[in-house]
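The file my_file12.txt comes next; it holds compact mmCIF, C-alpha atoms and all ligand atoms.
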# COMPACT_ATOMS: atom_id res chain seq x y z
CA MET R 1 -79.00 37.07 -117.62
CA SER R 2 -76.16 37.96 -115.27
CA ASP R 3 -75.77 36.08 -111.98
CA ILE R 4 -77.65 38.79 -110.08
CA SER R 5 -81.05 37.47 -109.08
CA ARG R 6 -82.00 39.45 -106.00
CA ALA R 7 -82.08 43.19 -105.30
CA THR R 8 -83.57 45.61 -102.79
CA ALA R 9 -84.59 49.17 -103.68
CA LEU R 10 -86.05 52.10 -101.81
CA ALA R 11 -88.34 54.87 -103.09
CA HIS R 12 -90.26 57.76 -101.57
CA PRO R 13 -93.88 58.65 -102.23
CA ASN R 14 -94.50 62.05 -103.82
CA ILE R 15 -97.05 64.83 -103.54
CA ALA R 16 -98.25 66.41 -106.80
CA PHE R 17 -98.37 70.21 -107.06
CA ILE R 18 -99.80 70.01 -110.59
CA LYS R 19 -101.94 66.88 -110.71
CA TYR R 20 -102.14 63.88 -113.02
CA TRP R 21 -105.82 63.07 -113.59
CA GLY R 22 -107.00 61.12 -116.63
CA ASN R 23 -105.11 59.18 -119.30
CA ARG R 24 -104.82 59.45 -123.08
CA ASP R 25 -104.16 55.71 -122.95
CA ASP R 26 -105.20 53.79 -119.81
CA ALA R 27 -103.24 50.61 -120.61
CA LEU R 28 -99.95 52.46 -121.20
CA ARG R 29 -100.72 55.10 -118.54
CA LEU R 30 -100.05 57.97 -120.92
CA PRO R 31 -101.38 60.98 -119.00
CA ALA R 32 -103.84 63.55 -120.30
CA ASN R 33 -101.49 66.25 -118.99
CA GLY R 34 -98.01 66.72 -117.50
CA SER R 35 -97.59 66.97 -113.73
CA ILE R 36 -95.12 68.29 -111.13
CA SER R 37 -94.39 66.83 -107.69
CA MET R 38 -92.00 66.65 -104.77
CA ASP R 39 -90.61 63.40 -103.32
CA LEU R 40 -91.33 62.97 -99.61
CA ALA R 41 -88.25 62.27 -97.47
CA GLY R 42 -88.53 60.01 -94.44
CA LEU R 43 -91.45 58.09 -95.92
CA GLU R 44 -90.34 55.11 -97.94
CA THR R 45 -91.16 51.80 -99.56
CA ARG R 46 -88.41 49.17 -99.43
CA THR R 47 -88.85 46.32 -101.88
CA THR R 48 -86.85 43.14 -102.44
CA VAL R 49 -87.29 41.13 -105.64
CA ARG R 50 -85.86 37.65 -106.07
CA PHE R 51 -86.13 35.82 -109.39
CA ASP R 52 -85.86 32.11 -108.71
CA PRO R 53 -86.11 29.10 -111.09
CA ALA R 54 -87.64 27.10 -108.19
CA LEU R 55 -90.73 29.34 -108.03
CA ARG R 56 -93.91 28.24 -109.83
CA ALA R 57 -95.70 31.58 -109.48
CA ASP R 58 -95.04 35.19 -108.47
CA SER R 59 -95.70 36.00 -104.83
CA LEU R 60 -96.15 39.32 -103.04
CA SER R 61 -95.70 40.03 -99.37
CA LEU R 62 -96.89 43.53 -98.42
CA ASN R 63 -95.96 44.74 -94.93
CA ASN R 64 -95.45 41.10 -93.93
CA SER R 65 -98.78 39.77 -95.15
CA ALA R 66 -99.16 37.58 -98.22
CA MET R 67 -101.23 39.26 -100.93
CA THR R 68 -103.50 37.53 -103.45
CA GLY R 69 -106.11 38.80 -105.91
CA LYS R 70 -105.92 42.22 -107.57
CA GLY R 71 -102.81 43.42 -105.69
CA LEU R 72 -100.77 40.39 -106.75
CA GLU R 73 -102.17 40.50 -110.31
CA ARG R 74 -101.07 44.11 -110.74
CA VAL R 75 -97.54 43.29 -109.56
CA SER R 76 -97.40 40.14 -111.69
CA ALA R 77 -98.49 42.05 -114.82
CA PHE R 78 -95.76 44.58 -114.07
CA LEU R 79 -93.15 41.81 -113.63
CA ASP R 80 -94.20 40.51 -117.08
CA LEU R 81 -92.88 43.79 -118.53
CA VAL R 82 -89.55 43.25 -116.75
CA ARG R 83 -89.39 39.59 -117.88
CA ARG R 84 -90.01 40.69 -121.48
CA MET R 85 -87.20 43.27 -121.25
CA ALA R 86 -84.83 40.72 -119.71
CA GLY R 87 -85.82 37.93 -122.12
CA PHE R 88 -86.48 35.28 -119.49
CA ASP R 89 -89.49 33.76 -117.80
CA LEU R 90 -88.51 33.28 -114.16
CA ARG R 91 -91.10 33.88 -111.44
CA ALA R 92 -90.35 36.24 -108.58
CA ALA R 93 -90.88 36.61 -104.86
CA VAL R 94 -91.56 40.25 -103.98
CA ASP R 95 -91.33 41.55 -100.43
CA SER R 96 -92.45 45.17 -99.99
CA ARG R 97 -92.65 47.25 -96.83
CA ASN R 98 -93.76 50.81 -96.19
CA ASN R 99 -92.49 52.71 -93.18
CA PHE R 100 -95.74 54.70 -93.20
CA PRO R 101 -99.14 53.16 -92.47
CA SER R 102 -101.66 52.86 -95.28
CA GLY R 103 -104.42 55.28 -94.37
CA ALA R 104 -101.78 57.87 -93.40
CA GLY R 105 -103.07 60.05 -96.22
CA ILE R 106 -100.13 59.24 -98.42
CA ALA R 107 -100.67 57.10 -101.50
CA SER R 108 -98.26 54.17 -101.56
CA SER R 109 -98.59 53.12 -105.22
CA ALA R 110 -96.02 55.72 -106.38
CA SER R 111 -93.24 54.59 -104.03
CA ALA R 112 -94.32 50.96 -104.45
CA PHE R 113 -93.95 50.82 -108.24
CA ALA R 114 -90.84 53.03 -108.30
CA ALA R 115 -89.11 50.69 -105.81
CA LEU R 116 -90.44 47.60 -107.64
CA ALA R 117 -89.23 48.85 -111.04
CA LEU R 118 -85.74 49.46 -109.71
CA ALA R 119 -85.46 46.26 -107.62
CA ALA R 120 -86.94 44.02 -110.34
CA THR R 121 -84.76 45.35 -113.16
CA LYS R 122 -81.59 45.11 -111.04
CA ALA R 123 -82.53 41.58 -109.95
CA ALA R 124 -83.05 40.72 -113.62
CA GLY R 125 -79.54 41.95 -114.42
CA LEU R 126 -80.79 45.01 -116.34
CA ASP R 127 -79.18 48.42 -115.98
CA LEU R 128 -81.71 51.06 -116.99
CA THR R 129 -81.15 54.80 -117.30
CA GLU R 130 -83.24 57.01 -115.02
CA ALA R 131 -85.57 57.87 -117.92
CA GLU R 132 -86.03 54.19 -118.85
CA LEU R 133 -86.73 53.32 -115.24
CA SER R 134 -89.24 56.16 -114.91
CA ARG R 135 -91.01 54.99 -118.11
CA LEU R 136 -91.21 51.49 -116.71
CA ALA R 137 -92.47 52.61 -113.26
CA ARG R 138 -95.17 54.62 -115.06
CA ARG R 139 -96.66 51.37 -116.39
CA GLY R 140 -97.28 50.18 -112.80
CA SER R 141 -98.75 53.43 -111.49
CA GLY R 142 -98.63 56.76 -113.31
CA SER R 143 -97.43 58.78 -110.34
CA ALA R 144 -94.67 56.19 -109.73
CA CYS R 145 -92.69 57.61 -112.65
CA ARG R 146 -92.28 60.77 -110.54
CA SER R 147 -90.80 58.83 -107.60
CA VAL R 148 -87.82 57.70 -109.71
CA PRO R 149 -85.93 61.04 -110.01
CA GLY R 150 -85.10 63.05 -106.88
CA GLY R 151 -86.37 66.30 -105.39
CA PHE R 152 -88.75 68.40 -107.48
CA VAL R 153 -89.90 66.39 -110.45
CA GLU R 154 -91.83 66.94 -113.69
CA TRP R 155 -93.54 64.17 -115.64
CA LEU R 156 -93.31 65.06 -119.32
CA PRO R 157 -96.51 63.67 -120.86
CA GLY R 158 -94.69 62.77 -124.10
CA SER R 159 -96.12 61.73 -127.43
CA GLY R 160 -96.12 58.01 -126.60
CA ASP R 161 -94.60 55.31 -124.40
CA GLU R 162 -91.03 56.23 -125.39
CA ASP R 163 -91.00 59.83 -124.21
CA SER R 164 -93.48 59.82 -121.30
CA PHE R 165 -91.28 59.89 -118.20
CA ALA R 166 -90.28 62.13 -115.32
CA VAL R 167 -87.19 64.29 -114.84
CA SER R 168 -85.83 66.18 -111.85
CA ILE R 169 -86.20 69.96 -112.21
CA ALA R 170 -84.43 70.77 -108.92
CA PRO R 171 -82.69 68.76 -106.17
CA PRO R 172 -84.33 68.35 -102.74
CA GLU R 173 -82.11 70.99 -101.11
CA HIS R 174 -83.09 73.61 -103.71
CA TRP R 175 -86.10 74.74 -101.67
CA PRO R 176 -86.79 73.48 -98.13
CA LEU R 177 -90.55 73.00 -98.50
CA VAL R 178 -92.47 70.81 -96.07
CA ASP R 179 -95.60 68.76 -96.74
CA VAL R 180 -97.67 68.80 -93.53
CA VAL R 181 -100.43 66.23 -94.01
CA ALA R 182 -103.69 66.75 -92.12
CA ILE R 183 -105.05 63.24 -91.66
CA LEU R 184 -108.80 63.37 -91.04
CA SER R 185 -110.74 61.06 -88.80
CA GLY R 186 -113.50 58.86 -90.11
CA ALA R 187 -112.30 58.84 -93.70
CA HIS R 188 -113.46 55.68 -95.48
CA LYS R 189 -111.80 53.99 -98.42
CA PRO R 190 -112.37 56.23 -101.44
CA THR R 191 -112.61 55.28 -105.13
CA GLY R 192 -109.09 54.35 -106.20
CA SER R 193 -107.20 56.56 -108.63
CA THR R 194 -107.06 53.95 -111.42
CA GLU R 195 -110.86 53.89 -111.51
CA GLY R 196 -110.96 57.68 -111.18
CA HIS R 197 -108.63 58.29 -114.14
CA ALA R 198 -110.98 56.26 -116.32
CA LEU R 199 -113.88 58.58 -115.39
CA ALA R 200 -112.05 61.89 -115.91
CA GLY R 201 -113.08 62.17 -119.58
CA THR R 202 -116.77 62.02 -118.66
CA SER R 203 -116.55 65.44 -116.97
CA PRO R 204 -117.33 68.39 -119.27
CA LEU R 205 -114.62 70.27 -117.35
CA GLN R 206 -111.74 67.87 -118.09
CA ALA R 207 -111.02 69.26 -121.58
CA ALA R 208 -110.64 72.79 -120.20
CA ARG R 209 -108.49 71.55 -117.31
CA VAL R 210 -106.19 69.67 -119.70
CA ALA R 211 -106.03 72.53 -122.24
CA ASP R 212 -104.85 74.93 -119.51
CA ALA R 213 -102.31 72.49 -118.02
CA PRO R 214 -99.23 73.76 -119.94
CA ARG R 215 -99.85 77.24 -118.51
CA ARG R 216 -100.14 75.93 -114.94
CA LEU R 217 -97.06 73.73 -115.40
CA GLY R 218 -95.07 76.72 -116.62
CA ILE R 219 -96.09 78.87 -113.65
CA CYS R 220 -95.41 76.09 -111.13
CA ARG R 221 -92.02 75.16 -112.65
CA GLN R 222 -90.95 78.80 -112.68
CA ALA R 223 -92.18 79.38 -109.11
CA ILE R 224 -90.12 76.38 -107.93
CA LEU R 225 -87.01 77.46 -109.82
CA THR R 226 -87.21 81.02 -108.40
CA ARG R 227 -88.60 79.94 -104.97
CA ASP R 228 -91.54 82.29 -105.45
CA PHE R 229 -93.93 81.04 -102.76
CA ALA R 230 -96.79 83.45 -103.56
CA ALA R 231 -96.96 82.34 -107.20
CA PHE R 232 -96.46 78.70 -106.18
CA ALA R 233 -99.31 78.81 -103.63
CA GLU R 234 -101.83 80.28 -106.08
CA ILE R 235 -101.15 77.76 -108.83
CA VAL R 236 -101.00 74.72 -106.51
CA GLU R 237 -104.40 75.53 -104.99
CA LEU R 238 -105.95 76.31 -108.38
CA ASP R 239 -104.70 73.03 -109.83
CA SER R 240 -106.02 70.96 -106.93
CA THR R 241 -109.43 72.65 -107.09
CA LEU R 242 -109.60 72.13 -110.87
CA MET R 243 -108.94 68.40 -110.44
CA HIS R 244 -111.63 68.11 -107.76
CA ALA R 245 -114.06 70.06 -109.97
CA VAL R 246 -113.47 67.41 -112.65
CA MET R 247 -113.90 64.62 -110.10
CA MET R 248 -117.15 66.09 -108.75
CA THR R 249 -118.58 66.50 -112.27
CA SER R 250 -117.62 63.12 -113.72
CA ALA R 251 -120.16 60.32 -114.25
CA PRO R 252 -120.51 58.87 -111.70
CA PRO R 253 -119.37 61.87 -109.63
CA LEU R 254 -116.51 61.50 -107.16
CA PHE R 255 -116.70 63.63 -104.02
CA TYR R 256 -113.54 63.14 -101.97
CA TRP R 257 -113.86 66.14 -99.67
CA GLN R 258 -115.24 65.83 -96.16
CA PRO R 259 -116.43 68.84 -94.13
CA ALA R 260 -113.07 68.92 -92.32
CA THR R 261 -111.27 69.04 -95.70
CA LEU R 262 -112.95 72.38 -96.41
CA GLU R 263 -112.20 73.62 -92.91
CA VAL R 264 -108.48 72.96 -93.36
CA LEU R 265 -108.51 74.55 -96.84
CA ALA R 266 -110.21 77.67 -95.47
CA ALA R 267 -107.89 77.92 -92.46
CA VAL R 268 -104.81 77.70 -94.70
CA ARG R 269 -106.17 80.32 -97.11
CA GLN R 270 -106.94 82.67 -94.25
CA ALA R 271 -103.54 82.17 -92.59
CA ARG R 272 -101.84 82.85 -95.94
CA SER R 273 -103.72 86.13 -96.31
CA LYS R 274 -102.15 87.07 -92.99
CA GLY R 275 -98.66 86.25 -94.22
CA LEU R 276 -98.13 82.53 -93.47
CA ALA R 277 -96.21 80.83 -96.34
CA ALA R 278 -98.56 77.86 -96.69
CA CYS R 279 -100.94 76.47 -99.32
CA ALA R 280 -103.01 73.33 -99.62
CA THR R 281 -103.60 70.49 -102.07
CA VAL R 282 -105.82 67.39 -101.93
CA ASP R 283 -105.33 64.06 -103.76
CA ALA R 284 -107.90 61.31 -104.37
CA GLY R 285 -108.96 61.27 -100.72
CA SER R 286 -110.11 63.66 -98.01
CA ASN R 287 -106.78 64.40 -96.31
CA VAL R 288 -105.17 67.77 -96.94
CA HIS R 289 -101.50 68.26 -97.81
CA VAL R 290 -100.42 71.65 -96.53
CA ILE R 291 -97.27 72.72 -98.36
CA CYS R 292 -95.26 75.35 -96.54
CA GLU R 293 -91.84 76.90 -96.24
CA GLN R 294 -89.78 75.34 -93.46
CA ALA R 295 -90.01 78.45 -91.28
CA ALA R 296 -93.81 78.18 -91.34
CA GLY R 297 -93.82 74.47 -90.43
CA GLU R 298 -94.41 74.79 -86.72
CA ALA R 299 -97.22 77.33 -87.11
CA VAL R 300 -98.88 75.12 -89.75
CA VAL R 301 -98.76 72.04 -87.52
CA LYS R 302 -100.32 74.06 -84.71
CA LEU R 303 -102.97 75.62 -86.95
CA ILE R 304 -104.24 72.42 -88.55
CA GLY R 305 -103.71 70.28 -85.44
CA SER R 306 -106.28 72.41 -83.63
CA ILE R 307 -109.04 71.90 -86.22
CA PRO R 308 -111.68 69.44 -85.02
CA GLY R 309 -111.82 66.48 -87.39
CA VAL R 310 -108.04 66.41 -87.90
CA ARG R 311 -106.92 63.15 -86.31
CA GLU R 312 -103.19 63.33 -86.93
CA VAL R 313 -100.57 65.54 -88.51
CA ARG R 314 -97.46 64.27 -90.28
CA ALA R 315 -94.67 66.27 -91.92
CA ALA R 316 -92.19 65.41 -94.69
CA GLN R 317 -89.46 67.39 -96.44
CA ALA R 318 -88.26 67.05 -100.03
CA GLY R 319 -86.69 63.65 -100.66
CA GLY R 320 -84.17 62.03 -102.99
CA PRO R 321 -84.48 59.59 -105.91
CA ALA R 322 -85.30 55.88 -105.90
CA ARG R 323 -82.13 53.95 -105.11
CA ILE R 324 -80.69 50.48 -104.74
CA VAL R 325 -79.85 49.50 -101.19
CA GLU R 326 -78.67 45.93 -101.77
CA VAL R 327 -77.84 43.63 -104.69
CA GLU R 328 -76.92 39.94 -104.46
C1 LIG E 401 -104.79 62.36 -107.45
O1 LIG E 401 -100.70 57.39 -110.05
O2 LIG E 401 -102.23 56.72 -108.18
O3 LIG E 401 -102.70 61.45 -106.69
O4 LIG E 401 -101.70 55.24 -112.42
O5 LIG E 401 -103.90 54.43 -111.67
O6 LIG E 401 -101.89 54.15 -110.16
P1 LIG E 401 -102.58 54.98 -111.23
O7 LIG E 401 -102.93 56.38 -110.58
P2 LIG E 401 -102.07 57.25 -109.56
O8 LIG E 401 -102.84 58.66 -109.67
C2 LIG E 401 -102.48 59.74 -108.89
C3 LIG E 401 -103.60 60.70 -108.80
C4 LIG E 401 -103.40 61.86 -107.85
C5 LIG E 401 -102.68 63.03 -108.52
C6 LIG E 401 -101.19 62.90 -108.72
O9 LIG E 401 -100.50 62.27 -107.90
O10 LIG E 401 -100.70 63.50 -109.69
Can you present the structure in this file as structure tokens?
Amino acid sequence: MSDISRATALAHPNIAFIKYWGNRDDALRLPANGSISMDLAGLETRTTVRFDPALRADSLSLNNSAMTGKGLERVSAFLDLVRRMAGFDLRAAVDSRNNFPSGAGIASSASAFAALALAATKAAGLDLTEAELSRLARRGSGSACRSVPGGFVEWLPGSGDEDSFAVSIAPPEHWPLVDVVAILSGAHKPTGSTEGHALAGTSPLQAARVADAPRRLGICRQAILTRDFAAFAEIVELDSTLMHAVMMTSAPPLFYWQPATLEVLAAVRQARSKGLAACATVDAGSNVHVICEQAAGEAVVKLIGSIPGVREVRAAQAGGPARIVEVE
């Protein structure tokens, strides 16, 4: 091990345009299908990892409160992977902070494990390539592999652990899209995505969704590369609806949508038919991510802000890759 023992890294969350739902291998987080996303600028997780011979156990501070139980176990299991790669057995103190509140409609596990993968490997004296780092982040949370590269990102499902990682397909400045998140009031804590992935295969619709994924990925990738908003909007909405159809038909069924979710979806569809460059996608929760061209941003904020049941609106542009901010 080199003399580096402490590092701080930063990563952005991401919003998926073509969704990851279901694994071929839950333990390795090998996805049933590839996915495409955009990193979200301005929103970030900042994580410091310190490996220290004086520590008897791993510790995790999340937004300044000490975590125990499942949260700490998940981080500790992830640190075991880093310790194995580094060939040492030191315990670590992890301090992680989000600049966005949990419950803001933005999942934090992607930015959390991308930042943790980068900070922990640097602190361990390892220098991983982007692909290696993405592979590692994937083991903590599938979508975290997509928060390692910058801008518009595709997770290649791969044939196994070695080749299942994410790559950038275009830099953030390639297409100034904005994710305007409609945060709904009264949303309660939904079934987490890890539990949801494990149920995906029980839906009779999952096989059809997965079989058609390469086609949707191709259309979405091409629409991003050519900045074709009409094609992009159609495929993003189809993909989100397909995932929710699988969720609603799994055993037990998962219904994430609230009445206001449908209202926002309908308002966006109607506005698009009148020429507004906006479309909508929903993750494992009830909040709606309205993806629009920058010029449509103001109109979108106004449109969804006026819908009863929308508590708050938050906007983010395309962001950069996970990066180191400090090494000691
Ligand atoms: C609906 O990456 O959060 O947001 O690997 O269990 O941490 P774990 O799951 P996670 O799943 C994301 C599900 C999704 C769709 C997506 O982001 O692609």
Taking all atoms listed in the file into account, list the residues no farther than 9 Å from ligand LIG 401 (chain E), as an MDAnalysis selection string.
chainID R and resid 14:23 26 29 31 34:37 106:110 113 138:146 192:198 240 243:244 282:285
inquiry  = Show me, as number ranges by chain, the residues that have an atom within 9 Å of Arg46 in chain R when counting all atoms listed in the file, minus same-chain residues fewer than 2 positions from it.
reply    = R: 8-11, 44, 48, 95-99, 111-112, 115-116, 325
Which residues, written as a compact mmCIF listing (two decimals) with C-alpha atoms, keeping the file's coordinate frame, have at least one atom at most 12 Å from range 302-315 of chain R, with all atoms listed in the file counted and residues fewer than 2 positions away on the same chain left out?
# COMPACT_ATOMS: atom_id res chain seq x y z
CA ILE R 15 -97.05 64.83 -103.54
CA LEU R 40 -91.33 62.97 -99.61
CA ALA R 41 -88.25 62.27 -97.47
CA GLY R 42 -88.53 60.01 -94.44
CA LEU R 43 -91.45 58.09 -95.92
CA PHE R 100 -95.74 54.70 -93.20
CA PRO R 101 -99.14 53.16 -92.47
CA GLY R 103 -104.42 55.28 -94.37
CA ALA R 104 -101.78 57.87 -93.40
CA GLY R 105 -103.07 60.05 -96.22
CA ILE R 106 -100.13 59.24 -98.42
CA LEU R 177 -90.55 73.00 -98.50
CA VAL R 178 -92.47 70.81 -96.07
CA ASP R 179 -95.60 68.76 -96.74
CA VAL R 180 -97.67 68.80 -93.53
CA VAL R 181 -100.43 66.23 -94.01
CA ALA R 182 -103.69 66.75 -92.12
CA ILE R 183 -105.05 63.24 -91.66
CA LEU R 184 -108.80 63.37 -91.04
CA SER R 185 -110.74 61.06 -88.80
CA GLY R 186 -113.50 58.86 -90.11
CA ALA R 187 -112.30 58.84 -93.70
CA GLN R 258 -115.24 65.83 -96.16
CA PRO R 259 -116.43 68.84 -94.13
CA ALA R 260 -113.07 68.92 -92.32
CA THR R 261 -111.27 69.04 -95.70
CA LEU R 262 -112.95 72.38 -96.41
CA GLU R 263 -112.20 73.62 -92.91
CA VAL R 264 -108.48 72.96 -93.36
CA LEU R 265 -108.51 74.55 -96.84
CA ALA R 266 -110.21 77.67 -95.47
CA ALA R 267 -107.89 77.92 -92.46
CA VAL R 268 -104.81 77.70 -94.70
CA ARG R 269 -106.17 80.32 -97.11
CA GLN R 270 -106.94 82.67 -94.25
CA ALA R 271 -103.54 82.17 -92.59
CA ARG R 272 -101.84 82.85 -95.94
CA LEU R 276 -98.13 82.53 -93.47
CA ALA R 278 -98.56 77.86 -96.69
CA CYS R 279 -100.94 76.47 -99.32
CA ALA R 280 -103.01 73.33 -99.62
CA SER R 286 -110.11 63.66 -98.01
CA ASN R 287 -106.78 64.40 -96.31
CA VAL R 288 -105.17 67.77 -96.94
CA HIS R 289 -101.50 68.26 -97.81
CA VAL R 290 -100.42 71.65 -96.53
CA ILE R 291 -97.27 72.72 -98.36
CA CYS R 292 -95.26 75.35 -96.54
CA GLU R 293 -91.84 76.90 -96.24
CA GLN R 294 -89.78 75.34 -93.46
CA ALA R 296 -93.81 78.18 -91.34
CA GLY R 297 -93.82 74.47 -90.43
CA GLU R 298 -94.41 74.79 -86.72
CA ALA R 299 -97.22 77.33 -87.11
CA VAL R 300 -98.88 75.12 -89.75
CA GLN R 317 -89.46 67.39 -96.44
CA ALA R 318 -88.26 67.05 -100.03
Residue contacts of Arg83 in chain R (12 Å, only C-alpha atoms) excluding same-chain residues fewer than 3 positions away, as a PyMOL selection string | chain R and resi 1+51+58+76-80+86-92+117+120-126
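Here the question is which of R:Val148, R:Leu136, R:Asn33, R:Thr281 gets nearest to Ile324 in chain R using only C-alpha atoms, and that residue is R:Val148.
Near Leu242 in chain R, within 9 Å and counting only C-alpha atoms, sit Leu205, Gln206, Arg209, Glu237, Leu238, Val246 and Met247 of chain R, not including residues fewer than 4 positions from it in the same chain.
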Self-check item: Distance in Å - CA of Ala7 in chain R versus CA of Asp52 in chain R
Solution: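 Answer for the CA of Ala7 in chain R to CA of Asp52 in chain R separation: 12.2 Å.
Distances to Arg6 in chain R were evaluated for R:Ala322, R:Val94, R:Ala32, R:Val75 using only C-alpha atoms, and the minimum falls at R:Val94.
With CA of Leu133 in chain R on one side and CA of Ile235 in chain R on the other, the separation reads 29.1 Å.
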Return as JSON the centre and edge lengths, in Å with one decimal, of the box along x, y and z that encloses every atom of range 281-293 of chain R in the file, padded by 6 Å per side.
{"center_x": -101.0, "center_y": 69.1, "center_z": -100.3, "size_x": 30.3, "size_y": 27.6, "size_z": 20.1}
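Using only C-alpha atoms for every distance, the candidate list R:Ala277, R:Met38, R:Leu254, R:Ala213 yields R:Ala277 as the residue closest to Glu234 in chain R.
With only C-alpha atoms as the atoms that count, the minimum distance from Arg74 in chain R to the choices R:Trp155, R:Ala295, R:Ser59, R:Leu128 is reached by R:Ser59.
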Take CA of Ala66 in chain R and CA of Lys189 in chain R and report the distance between them in Å, one decimal.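 Here the two named atoms are 20.7 Å from each other.
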Generate the missing atoms of range 105-117 of chain R up to N, CA and C atoms and report them as an mmCIF file, in the coordinates of the input.
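Contents of out.cif, as written:
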data_model
loop_
_atom_site.group_PDB
_atom_site.id
_atom_site.type_symbol
_atom_site.label_atom_id
_atom_site.label_comp_id
_atom_site.auth_asym_id
_atom_site.auth_seq_id
_atom_site.Cartn_x
_atom_site.Cartn_y
_atom_site.Cartn_z
ATOM 1 N N GLY R 105 -102.811 58.919 -95.334
ATOM 2 C CA GLY R 105 -103.070 60.050 -96.220
ATOM 3 C C GLY R 105 -102.024 60.185 -97.297
ATOM 4 N N ILE R 106 -101.179 59.192 -97.411
ATOM 5 C CA ILE R 106 -100.130 59.240 -98.420
ATOM 6 C C ILE R 106 -100.266 58.005 -99.294
ATOM 7 N N ALA R 107 -100.485 58.227 -100.591
ATOM 8 C CA ALA R 107 -100.670 57.100 -101.500
ATOM 9 C C ALA R 107 -99.377 56.315 -101.586
ATOM 10 N N SER R 108 -99.475 54.991 -101.551
ATOM 11 C CA SER R 108 -98.260 54.170 -101.560
ATOM 12 C C SER R 108 -97.948 53.610 -102.942
ATOM 13 N N SER R 109 -98.855 53.777 -103.938
ATOM 14 C CA SER R 109 -98.590 53.120 -105.220
ATOM 15 C C SER R 109 -97.396 53.760 -105.939
ATOM 16 N N ALA R 110 -97.143 55.056 -105.710
ATOM 17 C CA ALA R 110 -96.020 55.720 -106.380
ATOM 18 C C ALA R 110 -94.692 55.147 -105.891
ATOM 19 N N SER R 111 -94.500 55.133 -104.564
ATOM 20 C CA SER R 111 -93.240 54.590 -104.030
ATOM 21 C C SER R 111 -93.160 53.093 -104.288
ATOM 22 N N ALA R 112 -94.313 52.413 -104.251
ATOM 23 C CA ALA R 112 -94.320 50.960 -104.450
ATOM 24 C C ALA R 112 -93.810 50.590 -105.843
ATOM 25 N N PHE R 113 -94.362 51.214 -106.891
ATOM 26 C CA PHE R 113 -93.950 50.820 -108.240
ATOM 27 C C PHE R 113 -92.592 51.395 -108.639
ATOM 28 N N ALA R 114 -92.192 52.516 -108.027
ATOM 29 C CA ALA R 114 -90.840 53.030 -108.300
ATOM 30 C C ALA R 114 -89.815 52.059 -107.710
ATOM 31 N N ALA R 115 -90.045 51.622 -106.457
ATOM 32 C CA ALA R 115 -89.110 50.690 -105.810
ATOM 33 C C ALA R 115 -89.129 49.336 -106.533
ATOM 34 N N LEU R 116 -90.329 48.894 -106.941
ATOM 35 C CA LEU R 116 -90.440 47.600 -107.640
ATOM 36 C C LEU R 116 -89.716 47.640 -108.987
ATOM 37 N N ALA R 117 -89.883 48.738 -109.730
ATOM 38 C CA ALA R 117 -89.230 48.850 -111.040
ATOM 39 C C ALA R 117 -87.716 48.751 -110.891
#
